[in-house]
$ cat structure.tsv   # TSV, C-alpha atoms
chain	number	residue	atom	x	y	z
A	1	MET	CA	5.88	1.52	-39.92
A	2	SER	CA	8.00	-1.47	-39.06
A	3	ALA	CA	10.66	-2.54	-41.53
A	4	THR	CA	9.23	-6.06	-41.52
A	5	ASP	CA	5.83	-4.91	-42.80
A	6	THR	CA	5.05	-6.02	-46.33
A	7	PRO	CA	2.87	-3.72	-48.44
A	8	PHE	CA	0.11	-6.32	-48.17
A	9	GLU	CA	0.25	-6.31	-44.35
A	10	ARG	CA	0.18	-2.57	-44.27
A	11	ALA	CA	-2.85	-2.42	-46.52
A	12	SER	CA	-4.96	-5.04	-44.76
A	13	ASP	CA	-4.08	-4.07	-41.18
A	14	PRO	CA	-3.02	-0.42	-41.39
A	15	TYR	CA	-3.30	0.21	-37.64
A	16	ARG	CA	-1.59	-3.10	-36.76
A	17	VAL	CA	-4.40	-4.23	-34.53
A	18	GLY	CA	-3.26	-7.78	-34.99
A	19	ARG	CA	0.17	-7.22	-33.49
A	20	SER	CA	2.09	-4.39	-31.90
A	21	ARG	CA	5.22	-3.17	-33.61
A	22	ASP	CA	7.17	-3.62	-30.38
A	23	TRP	CA	6.72	-7.33	-29.80
A	24	VAL	CA	9.26	-8.47	-27.22
A	25	SER	CA	9.91	-12.05	-26.28
A	26	THR	CA	10.51	-12.61	-22.59
A	27	GLY	CA	11.99	-16.01	-23.28
A	28	ALA	CA	9.00	-17.75	-21.74
A	29	GLY	CA	7.33	-18.28	-25.08
A	30	ARG	CA	4.92	-15.41	-24.75
A	31	GLY	CA	5.56	-11.92	-26.01
A	32	TYR	CA	5.33	-8.79	-23.96
A	33	VAL	CA	3.64	-5.95	-25.80
A	34	TYR	CA	4.57	-2.33	-25.26
A	35	ALA	CA	1.70	0.09	-25.74
A	36	THR	CA	2.25	2.64	-28.45
A	37	GLY	CA	0.13	5.17	-26.62
A	38	HIS	CA	-2.01	5.91	-29.65
A	39	GLY	CA	-4.58	3.18	-29.29
A	40	GLU	CA	-2.76	1.04	-31.82
A	41	GLY	CA	-1.51	-2.48	-31.52
A	42	GLY	CA	-4.63	-4.18	-30.26
A	43	PRO	CA	-5.19	-5.36	-26.69
A	44	ALA	CA	-2.36	-5.12	-24.16
A	45	SER	CA	-0.53	-8.22	-23.00
A	46	LYS	CA	-1.98	-10.43	-20.29
A	47	ARG	CA	0.57	-9.18	-17.82
A	48	VAL	CA	-0.53	-5.54	-18.20
A	49	ILE	CA	-4.21	-6.49	-18.06
A	50	VAL	CA	-3.81	-8.72	-15.00
A	51	GLY	CA	-1.84	-5.99	-13.28
A	52	TYR	CA	-4.59	-3.48	-14.01
A	53	GLY	CA	-7.31	-5.81	-12.73
A	54	PHE	CA	-5.44	-6.49	-9.52
A	55	TRP	CA	-4.81	-2.77	-9.10
A	56	ILE	CA	-8.57	-2.16	-9.27
A	57	PHE	CA	-9.05	-4.79	-6.56
A	58	LEU	CA	-6.40	-3.09	-4.41
A	59	LEU	CA	-8.15	0.27	-4.78
A	60	SER	CA	-11.44	-1.31	-3.66
A	61	ASP	CA	-9.55	-2.72	-0.66
A	62	ILE	CA	-8.22	0.76	0.09
A	63	VAL	CA	-11.76	2.15	-0.04
A	64	MET	CA	-12.74	-0.43	2.59
A	65	PHE	CA	-9.79	0.66	4.71
A	66	SER	CA	-10.82	4.30	4.30
A	67	ALA	CA	-14.17	3.47	5.90
A	68	PHE	CA	-12.38	2.00	8.93
A	69	PHE	CA	-10.03	5.01	8.98
A	70	ALA	CA	-12.98	7.40	8.91
A	71	ALA	CA	-14.53	5.59	11.87
A	72	HIS	CA	-11.29	5.81	13.83
A	73	ALA	CA	-10.71	9.46	12.93
A	74	VAL	CA	-14.16	10.32	14.28
A	75	LEU	CA	-13.76	8.22	17.42
A	76	GLN	CA	-10.15	9.03	18.29
A	77	THR	CA	-11.16	11.12	21.32
A	78	ALA	CA	-14.05	8.87	22.45
A	79	THR	CA	-12.09	7.24	25.25
A	80	ALA	CA	-15.08	6.90	27.64
A	81	GLY	CA	-12.89	7.81	30.59
A	82	GLY	CA	-10.51	5.02	29.71
A	83	PRO	CA	-6.93	5.08	28.47
A	84	SER	CA	-6.04	7.17	25.42
A	85	GLY	CA	-3.32	6.62	22.86
A	86	ARG	CA	-0.75	8.40	24.97
A	87	ASP	CA	-1.29	5.95	27.82
A	88	LEU	CA	-1.08	2.88	25.65
A	89	PHE	CA	1.21	3.19	22.66
A	90	ASN	CA	4.62	1.59	22.85
A	91	TRP	CA	6.87	3.96	20.93
A	92	TRP	CA	9.68	1.59	20.01
A	93	SER	CA	7.33	-1.14	18.96
A	94	ILE	CA	5.71	1.23	16.48
A	95	VAL	CA	9.09	2.36	15.13
A	96	ALA	CA	10.16	-1.27	14.74
A	97	GLN	CA	6.91	-2.28	13.04
A	98	THR	CA	7.25	0.59	10.57
A	99	ALA	CA	10.88	-0.28	9.85
A	100	PHE	CA	10.10	-4.00	9.43
A	101	LEU	CA	7.31	-3.34	6.95
A	102	LEU	CA	9.39	-0.87	4.96
A	103	VAL	CA	12.33	-3.26	4.74
A	104	SER	CA	10.02	-6.11	3.72
A	105	SER	CA	8.63	-3.90	0.95
A	106	PHE	CA	12.17	-3.24	-0.21
A	107	THR	CA	13.14	-6.92	-0.24
A	108	CYS	CA	9.90	-7.70	-2.08
A	109	GLY	CA	11.04	-5.27	-4.77
A	110	LEU	CA	14.42	-7.01	-4.88
A	111	SER	CA	12.64	-10.33	-5.41
A	112	ALA	CA	10.90	-8.75	-8.42
A	113	VAL	CA	14.31	-7.81	-9.85
A	114	ALA	CA	15.54	-11.36	-9.25
A	115	THR	CA	12.43	-12.71	-10.95
A	116	GLU	CA	13.08	-10.55	-14.02
A	117	ALA	CA	16.57	-12.07	-14.12
A	118	ARG	CA	14.94	-15.53	-13.74
A	119	ASP	CA	17.24	-16.28	-10.81
A	120	GLN	CA	15.53	-18.99	-8.73
A	121	LEU	CA	17.88	-18.77	-5.75
A	122	TRP	CA	17.79	-15.01	-5.25
A	123	THR	CA	14.04	-14.85	-5.84
A	124	GLN	CA	13.49	-17.36	-3.06
A	125	VAL	CA	15.99	-15.67	-0.74
A	126	ALA	CA	14.41	-12.25	-1.22
A	127	LEU	CA	10.88	-13.65	-0.76
A	128	LEU	CA	11.98	-15.47	2.39
A	129	VAL	CA	13.48	-12.30	3.88
A	130	THR	CA	10.27	-10.44	2.98
A	131	GLY	CA	8.25	-13.08	4.82
A	132	LEU	CA	10.48	-13.01	7.88
A	133	PHE	CA	10.19	-9.25	8.27
A	134	GLY	CA	6.43	-9.50	7.75
A	135	LEU	CA	6.27	-12.15	10.44
A	136	GLY	CA	8.31	-9.94	12.77
A	137	PHE	CA	5.83	-7.14	12.16
A	138	LEU	CA	2.92	-9.42	13.09
A	139	VAL	CA	4.65	-10.67	16.24
A	140	LEU	CA	5.26	-7.11	17.46
A	141	GLU	CA	1.70	-6.09	16.69
A	142	GLY	CA	0.32	-9.18	18.42
A	143	ARG	CA	2.37	-8.42	21.52
A	144	ASP	CA	1.07	-4.84	21.53
A	145	PHE	CA	-2.52	-6.06	21.33
A	146	ALA	CA	-2.00	-8.67	24.04
A	147	GLY	CA	-0.42	-6.07	26.31
A	148	MET	CA	-3.33	-3.69	25.80
A	149	VAL	CA	-5.91	-6.40	26.51
A	150	MET	CA	-4.14	-7.42	29.69
A	151	GLN	CA	-4.15	-3.81	30.87
A	152	GLY	CA	-7.93	-3.84	30.49
A	153	ALA	CA	-7.71	-1.73	27.33
A	154	GLY	CA	-9.23	-4.27	24.98
A	155	PRO	CA	-11.59	-3.45	22.09
A	156	GLN	CA	-14.61	-3.43	24.42
A	157	ARG	CA	-13.29	-0.70	26.73
A	158	SER	CA	-14.18	2.35	24.62
A	159	ALA	CA	-15.16	3.43	21.12
A	160	PHE	CA	-11.64	4.71	20.57
A	161	LEU	CA	-10.20	1.29	21.37
A	162	SER	CA	-12.83	-0.55	19.32
A	163	SER	CA	-11.98	1.49	16.25
A	164	LEU	CA	-8.24	1.15	16.95
A	165	PHE	CA	-8.37	-2.64	17.16
A	166	ALA	CA	-10.61	-2.68	14.07
A	167	VAL	CA	-8.39	-0.66	11.75
A	168	VAL	CA	-5.04	-1.99	12.98
A	169	GLY	CA	-6.46	-5.50	13.17
A	170	LEU	CA	-7.79	-5.29	9.62
A	171	HIS	CA	-4.34	-4.35	8.39
A	172	GLY	CA	-2.82	-7.21	10.40
A	173	LEU	CA	-5.29	-9.65	8.85
A	174	HIS	CA	-4.22	-8.48	5.40
A	175	VAL	CA	-0.56	-8.99	6.33
A	176	SER	CA	-1.34	-12.50	7.60
A	177	ALA	CA	-3.16	-13.40	4.40
A	178	GLY	CA	-0.25	-11.91	2.47
A	179	LEU	CA	2.20	-14.13	4.32
A	180	LEU	CA	0.16	-17.22	3.47
A	181	TRP	CA	0.11	-16.12	-0.15
A	182	LEU	CA	3.87	-15.50	0.00
A	183	GLY	CA	4.52	-19.03	1.22
A	184	THR	CA	2.33	-20.37	-1.57
A	185	MET	CA	4.19	-18.34	-4.18
A	186	MET	CA	7.57	-19.52	-2.91
A	187	ALA	CA	6.39	-23.10	-3.27
A	188	GLN	CA	4.94	-22.48	-6.73
A	189	VAL	CA	8.06	-20.74	-8.02
A	190	PHE	CA	10.16	-23.62	-6.68
A	191	VAL	CA	8.01	-26.33	-8.24
A	192	LYS	CA	6.89	-24.73	-11.50
A	193	GLY	CA	9.63	-22.23	-12.24
A	194	PHE	CA	9.04	-18.93	-14.01
A	195	ARG	CA	6.05	-19.74	-16.15
A	196	PRO	CA	3.97	-16.83	-17.49
A	197	GLU	CA	1.12	-17.42	-15.05
A	198	ILE	CA	3.54	-17.66	-12.12
A	199	LEU	CA	5.09	-14.37	-13.22
A	200	ARG	CA	1.67	-12.72	-13.30
A	201	ARG	CA	0.90	-14.01	-9.81
A	202	LEU	CA	4.20	-12.66	-8.53
A	203	VAL	CA	3.35	-9.25	-10.01
A	204	CYS	CA	0.01	-9.35	-8.18
A	205	PHE	CA	1.71	-10.35	-4.92
A	206	ASN	CA	4.20	-7.49	-5.31
A	207	LEU	CA	1.37	-5.02	-5.81
A	208	PHE	CA	-0.43	-6.40	-2.74
A	209	TRP	CA	2.59	-6.24	-0.48
A	210	HIS	CA	3.54	-2.70	-1.50
A	211	ALA	CA	-0.08	-1.56	-1.09
A	212	LEU	CA	-0.03	-2.94	2.48
A	213	ASP	CA	3.00	-0.79	3.23
A	214	ILE	CA	1.24	2.26	1.79
A	215	ILE	CA	-1.74	1.59	4.04
A	216	TRP	CA	0.61	1.22	7.01
A	217	VAL	CA	2.06	4.69	6.25
A	218	ALA	CA	-1.43	6.17	6.54
A	219	LEU	CA	-2.14	4.01	9.57
A	220	PHE	CA	0.88	4.91	11.65
A	221	THR	CA	0.49	8.58	10.78
A	222	ILE	CA	-3.21	8.88	11.66
A	223	VAL	CA	-3.58	6.28	14.40
A	224	TYR	CA	-0.27	6.45	16.20
A	225	LEU	CA	1.45	9.75	15.48
A	226	ILE	CA	-1.63	11.98	15.47
A	227	GLY	CA	-3.24	9.83	18.18
A	228	LEU	CA	-0.23	10.36	20.43
A	229	GLY	CA	-0.72	14.07	20.18
A	230	ARG	CA	-4.27	13.99	21.56
B	1	MET	CA	4.51	-3.34	-13.92
B	2	ASP	CA	6.63	-3.07	-17.05
B	3	ALA	CA	10.08	-4.21	-16.14
B	4	ALA	CA	11.57	-6.06	-19.08
B	5	GLU	CA	13.51	-3.04	-20.27
B	6	LEU	CA	15.59	-2.44	-17.13
B	7	THR	CA	18.92	-4.02	-16.32
B	8	ILE	CA	19.33	-5.67	-12.93
B	9	ARG	CA	21.40	-2.75	-11.72
B	10	GLU	CA	18.82	-0.17	-12.71
B	11	GLY	CA	16.09	-2.25	-11.13
B	12	ILE	CA	17.91	-2.49	-7.82
B	13	ALA	CA	18.85	1.20	-7.94
B	14	ARG	CA	15.20	2.17	-8.28
B	15	TYR	CA	14.22	0.17	-5.20
B	16	VAL	CA	17.20	1.45	-3.20
B	17	ILE	CA	16.34	5.08	-3.99
B	18	GLY	CA	12.70	4.48	-3.05
B	19	PHE	CA	13.75	2.78	0.19
B	20	VAL	CA	16.10	5.62	1.17
B	21	LEU	CA	13.50	8.31	0.41
B	22	ALA	CA	10.80	6.45	2.32
B	23	SER	CA	13.13	5.97	5.30
B	24	VAL	CA	13.99	9.68	5.34
B	25	LEU	CA	10.30	10.63	5.24
B	26	THR	CA	9.47	8.14	8.02
B	27	ALA	CA	12.29	9.45	10.19
B	28	ALA	CA	11.08	12.99	9.49
B	29	SER	CA	7.58	12.06	10.69
B	30	PHE	CA	8.86	10.70	13.97
B	31	TYR	CA	11.20	13.67	14.31
B	32	VAL	CA	8.43	16.22	13.75
B	33	LEU	CA	6.39	14.60	16.49
B	34	ASN	CA	9.19	14.58	19.03
B	35	THR	CA	10.74	18.01	18.63
B	36	SER	CA	9.39	21.54	18.59
B	37	LEU	CA	10.60	22.14	15.05
B	38	ILE	CA	7.03	22.59	13.81
B	39	TRP	CA	4.57	24.89	15.57
B	40	GLY	CA	2.36	22.73	17.78
B	41	PRO	CA	-1.04	23.08	16.11
B	42	GLY	CA	0.58	22.55	12.74
B	43	ILE	CA	2.06	19.15	13.63
B	44	PRO	CA	-0.88	17.02	12.39
B	45	VAL	CA	-0.78	18.88	9.06
B	46	ALA	CA	2.98	18.31	8.76
B	47	LEU	CA	2.51	14.61	9.52
B	48	VAL	CA	-0.21	14.26	6.88
B	49	VAL	CA	1.94	16.03	4.29
B	50	LEU	CA	4.89	13.74	5.05
B	51	ALA	CA	2.60	10.70	4.84
B	52	ILE	CA	1.25	11.75	1.46
B	53	ALA	CA	4.79	12.33	0.22
B	54	GLN	CA	5.80	8.88	1.40
B	55	MET	CA	2.79	7.30	-0.28
B	56	GLY	CA	3.86	9.06	-3.48
B	57	VAL	CA	7.37	7.65	-3.13
B	58	HIS	CA	5.92	4.15	-2.67
B	59	LEU	CA	3.65	4.52	-5.69
B	60	VAL	CA	6.39	5.73	-8.02
B	61	PHE	CA	9.38	3.69	-6.90
B	62	PHE	CA	7.79	0.47	-5.64
B	63	LEU	CA	4.56	0.24	-7.60
B	64	HIS	CA	5.87	1.81	-10.83
B	65	ILE	CA	2.95	4.17	-11.31
B	66	THR	CA	4.52	6.15	-14.12
B	67	THR	CA	3.29	8.18	-17.06
B	68	ALA	CA	4.09	5.46	-19.61
B	69	PRO	CA	1.21	4.66	-22.00
B	70	ASP	CA	0.90	1.21	-20.44
B	71	ASN	CA	0.18	2.86	-17.13
B	72	THR	CA	-2.50	5.38	-18.11
B	73	ASN	CA	-5.35	3.14	-16.98
B	74	ASN	CA	-3.64	2.54	-13.65
B	75	VAL	CA	-3.21	6.27	-13.05
B	76	LEU	CA	-6.88	6.89	-13.85
B	77	ALA	CA	-8.00	4.09	-11.55
B	78	LEU	CA	-5.75	5.47	-8.79
B	79	ALA	CA	-7.19	8.98	-9.24
B	80	PHE	CA	-10.71	7.56	-8.91
B	81	GLY	CA	-9.73	5.60	-5.81
B	82	VAL	CA	-8.23	8.70	-4.23
B	83	LEU	CA	-11.45	10.59	-4.96
B	84	ILE	CA	-13.56	7.95	-3.23
B	85	VAL	CA	-11.22	7.83	-0.22
B	86	ALA	CA	-11.29	11.63	0.08
B	87	LEU	CA	-15.10	11.63	-0.06
B	88	VAL	CA	-15.46	8.83	2.50
B	89	ILE	CA	-13.00	10.19	5.03
B	90	GLY	CA	-13.58	13.91	4.48
B	91	GLY	CA	-17.32	13.48	4.25
B	92	SER	CA	-17.49	11.36	7.41
B	93	LEU	CA	-15.42	13.83	9.40
B	94	TRP	CA	-17.52	16.74	8.15
B	95	ILE	CA	-20.85	15.08	8.89
B	96	MET	CA	-19.83	13.75	12.30
B	97	ASP	CA	-18.49	17.15	13.28
B	98	HIS	CA	-21.80	18.80	12.40
B	99	LEU	CA	-23.73	16.11	14.25
B	100	SER	CA	-21.66	16.49	17.36
B	101	GLN	CA	-22.14	20.27	17.26
B	102	ASN	CA	-25.89	19.75	17.15
B	103	VAL	CA	-25.95	17.42	20.14
B	104	MET	CA	-27.22	19.05	23.32
B	105	PRO	CA	-24.57	19.73	25.99
B	106	MET	CA	-24.42	16.99	28.62
B	107	HIS	CA	-25.63	19.03	31.64
B	108	GLN	CA	-28.73	20.18	29.77
B	109	MET	CA	-29.49	16.60	28.80
B	110	MET	CA	-29.21	15.51	32.45
B	111	GLN	CA	-31.62	18.26	33.49
B	112	MET	CA	-34.15	17.02	30.96
B	113	GLN	CA	-34.01	13.57	32.53
B	114	ARG	CA	-35.38	14.87	35.82
$ encode --input "structure.tsv" --output "structure tokens"
Amino acid sequence: MSATDTPFERASDPYRVGRSRDWVSTGAGRGYVYATGHGEGGPASKRVIVGYGFWIFLLSDIVMFSAFFAAHAVLQTATAGGPSGRDLFNWWSIVAQTAFLLVSSFTCGLSAVATEARDQLWTQVALLVTGLFGLGFLVLEGRDFAGMVMQGAGPQRSAFLSSLFAVVGLHGLHVSAGLLWLGTMMAQVFVKGFRPEILRRLVCFNLFWHALDIIWVALFTIVYLIGLGR
Amino acid sequence: MDAAELTIREGIARYVIGFVLASVLTAASFYVLNTSLIWGPGIPVALVVLAIAQMGVHLVFFLHITTAPDNTNNVLALAFGVLIVALVIGGSLWIMDHLSQNVMPMHQMMQMQR
């Protein structure tokens, strides 16, 4: 029981559904509620609930990716007499893409730390660096695709290549959309500051960007590393 | 997703540790592929294990999937998502493998065309 409870409060609201005992002010006028873990304290704060909802969306996105992955896994050897992964994949480009995405995930995390400290400058710097590495990733991937098409190994050449362009392209589309969202968030943080709804959107963007890196881990393992071995 | 209780230093340290671990696992993946450290037929398995480990590092260090009470729902949702992904990918591979085993060999099919 909290020391600030009066006997009347304890009697009328014994499980403190109206308010959690760990009410923390983030300085933005809204409290952040820690869960007690025993079902007490009423509904969680908006930030926790929004994070959970966005996490469910991300999992549905990952299920969609898994369908594309399944198609590629089945079709990885269906080269129809055309080039296979070993003939096409540019080793250093893949290493660089992986490194770029991992670094951008790291700087995205740093921007979250800066946001917690409500530091406008460092938040923007970290978000900008995240965006630049993401853009570098897309440029490298675009060059890979263009090179493959010019060699006659475009998506129409074989089932293997169709599924390759589909799964890698889907990931690239997500990164592109993420970069647009990143630019929007940088503008919003600059104009509106660290309001509660802006903070929630930044949490969602962080989740999205990290999830993209997780998907890339699966992608470069299954498509490129295992594909190179076939 | 709960971050108000960390200092800046602890926050940065968490991301640095995650970054270093993920880099090591990535380097290990590329290394396994390029050397004969792992027995040949076992290489895909090693790569998948390293990938799963790296995804775990991402989830814990970058996405803060912890065992805190705030996070229980997220862990449950993640477990469900993993189940669906395993069914979709594993099930597709299983079914397609059976189907391809049941397809007539090519030379027999050509003979039937005559």
$ atom_distance --input "structure.tsv" --atom1 "CA of Val168 in chain A" --atom2 "CA of Trp181 in chain A"
20.0 Å
$ residues_near_point --input "structure.tsv" --point "(15.9, 1.7, -3.9)" --cutoff "8 Å" --atoms "all atoms listed in the file" --output "list in words"
Phe106 of chain A; Ile12, Ala13, Arg14, Tyr15, Val16, Ile17, Gly18, Phe19, Val20 and Phe61 of chain B
$ interface_residues --input "structure.tsv" --of "chain B" --to "chain A" --cutoff "6 Å" --atoms "all atoms listed in the file" --output "list in words"
Gly11, Pro44, Met55, Pro69, Asp70, Gly81, Val85 and Ile89 of chain B
$ closest_residue --input "structure.tsv" --among "B:Ala27, B:Leu33, B:Leu21, B:Val75" --to "Gln54 in chain B" --atoms "all atoms listed in the file"
B:Leu21
$ axis_aligned_box --input "structure.tsv" --around "range 136-151 of chain A" --padding-each-side "8 Å" --output "AutoDock Vina command-line options"
--center_x 1.2 --center_y -7.2 --center_z 21.5 --size_x 30.2 --size_y 23.0 --size_z 34.7
$ atom_distance --input "structure.tsv" --atom1 "CA of Ser23 in chain B" --atom2 "CA of Leu138 in chain A"
20.0 Å
$ residues_near_point --input "structure.tsv" --point "(-14.8, 11.7, 24.9)" --cutoff "12 Å" --atoms "all atoms listed in the file" --output "ChimeraX atom specification"
/A:74-84,158-161,230 /B:100,106
$ atom_distance --input "structure.tsv" --atom1 "CA of Ser29 in chain B" --atom2 "CA of Leu83 in chain B"
24.7 Å
$ residues_around --input "structure.tsv" --residues "range 183-189 of chain A" --least-positions-apart "5" --cutoff "10 Å" --atoms "all atoms listed in the file" --output "JSON, numbers by chain"
{"A": [115, 120, 123, 124, 125, 127, 128, 131, 178, 194, 195, 198, 199, 201, 202, 205]}
$ closest_residue --input "structure.tsv" --among "A:Phe133, A:Tyr224, A:Phe190, A:Phe54" --to "Leu101 in chain A" --atoms "only C-alpha atoms"
A:Phe133
$ build_atoms --input "structure.tsv" --residues "range 53-69 of chain B" --atoms "N, CA and C atoms" --output "short mmCIF file (atom, residue, chain, number, x, y, z; two decimals), keeping the file's coordinate frame"
data_model
loop_
_atom_site.label_atom_id
_atom_site.label_comp_id
_atom_site.auth_asym_id
_atom_site.auth_seq_id
_atom_site.Cartn_x
_atom_site.Cartn_y
_atom_site.Cartn_z
N ALA B 53 3.55 12.40 0.99
CA ALA B 53 4.79 12.33 0.22
C ALA B 53 5.34 10.91 0.19
N GLN B 54 5.27 10.24 1.36
CA GLN B 54 5.80 8.88 1.40
C GLN B 54 4.96 7.93 0.56
N MET B 55 3.63 8.14 0.57
CA MET B 55 2.79 7.30 -0.28
C MET B 55 3.15 7.52 -1.74
N GLY B 56 3.44 8.77 -2.11
CA GLY B 56 3.86 9.06 -3.48
C GLY B 56 5.15 8.34 -3.84
N VAL B 57 6.10 8.35 -2.89
CA VAL B 57 7.37 7.65 -3.13
C VAL B 57 7.11 6.16 -3.36
N HIS B 58 6.25 5.56 -2.50
CA HIS B 58 5.92 4.15 -2.67
C HIS B 58 5.30 3.90 -4.03
N LEU B 59 4.36 4.76 -4.44
CA LEU B 59 3.65 4.52 -5.69
C LEU B 59 4.61 4.58 -6.88
N VAL B 60 5.52 5.57 -6.86
CA VAL B 60 6.39 5.73 -8.02
C VAL B 60 7.50 4.70 -8.03
N PHE B 61 8.18 4.53 -6.90
CA PHE B 61 9.38 3.69 -6.90
C PHE B 61 9.06 2.21 -6.73
N PHE B 62 8.06 1.89 -5.87
CA PHE B 62 7.79 0.47 -5.64
C PHE B 62 6.71 -0.07 -6.56
N LEU B 63 5.68 0.73 -6.82
CA LEU B 63 4.56 0.24 -7.60
C LEU B 63 4.64 0.67 -9.06
N HIS B 64 5.64 1.44 -9.43
CA HIS B 64 5.87 1.81 -10.83
C HIS B 64 4.67 2.50 -11.45
N ILE B 65 4.03 3.39 -10.71
CA ILE B 65 2.95 4.17 -11.31
C ILE B 65 3.62 5.32 -12.06
N THR B 66 3.82 5.14 -13.34
CA THR B 66 4.52 6.15 -14.12
C THR B 66 3.57 6.74 -15.14
N THR B 67 4.13 7.56 -16.03
CA THR B 67 3.29 8.18 -17.06
C THR B 67 3.41 7.44 -18.39
N ALA B 68 3.98 6.23 -18.36
CA ALA B 68 4.09 5.46 -19.61
C ALA B 68 2.70 5.12 -20.11
N PRO B 69 2.55 4.95 -21.45
CA PRO B 69 1.21 4.66 -22.00
C PRO B 69 0.59 3.41 -21.41
#
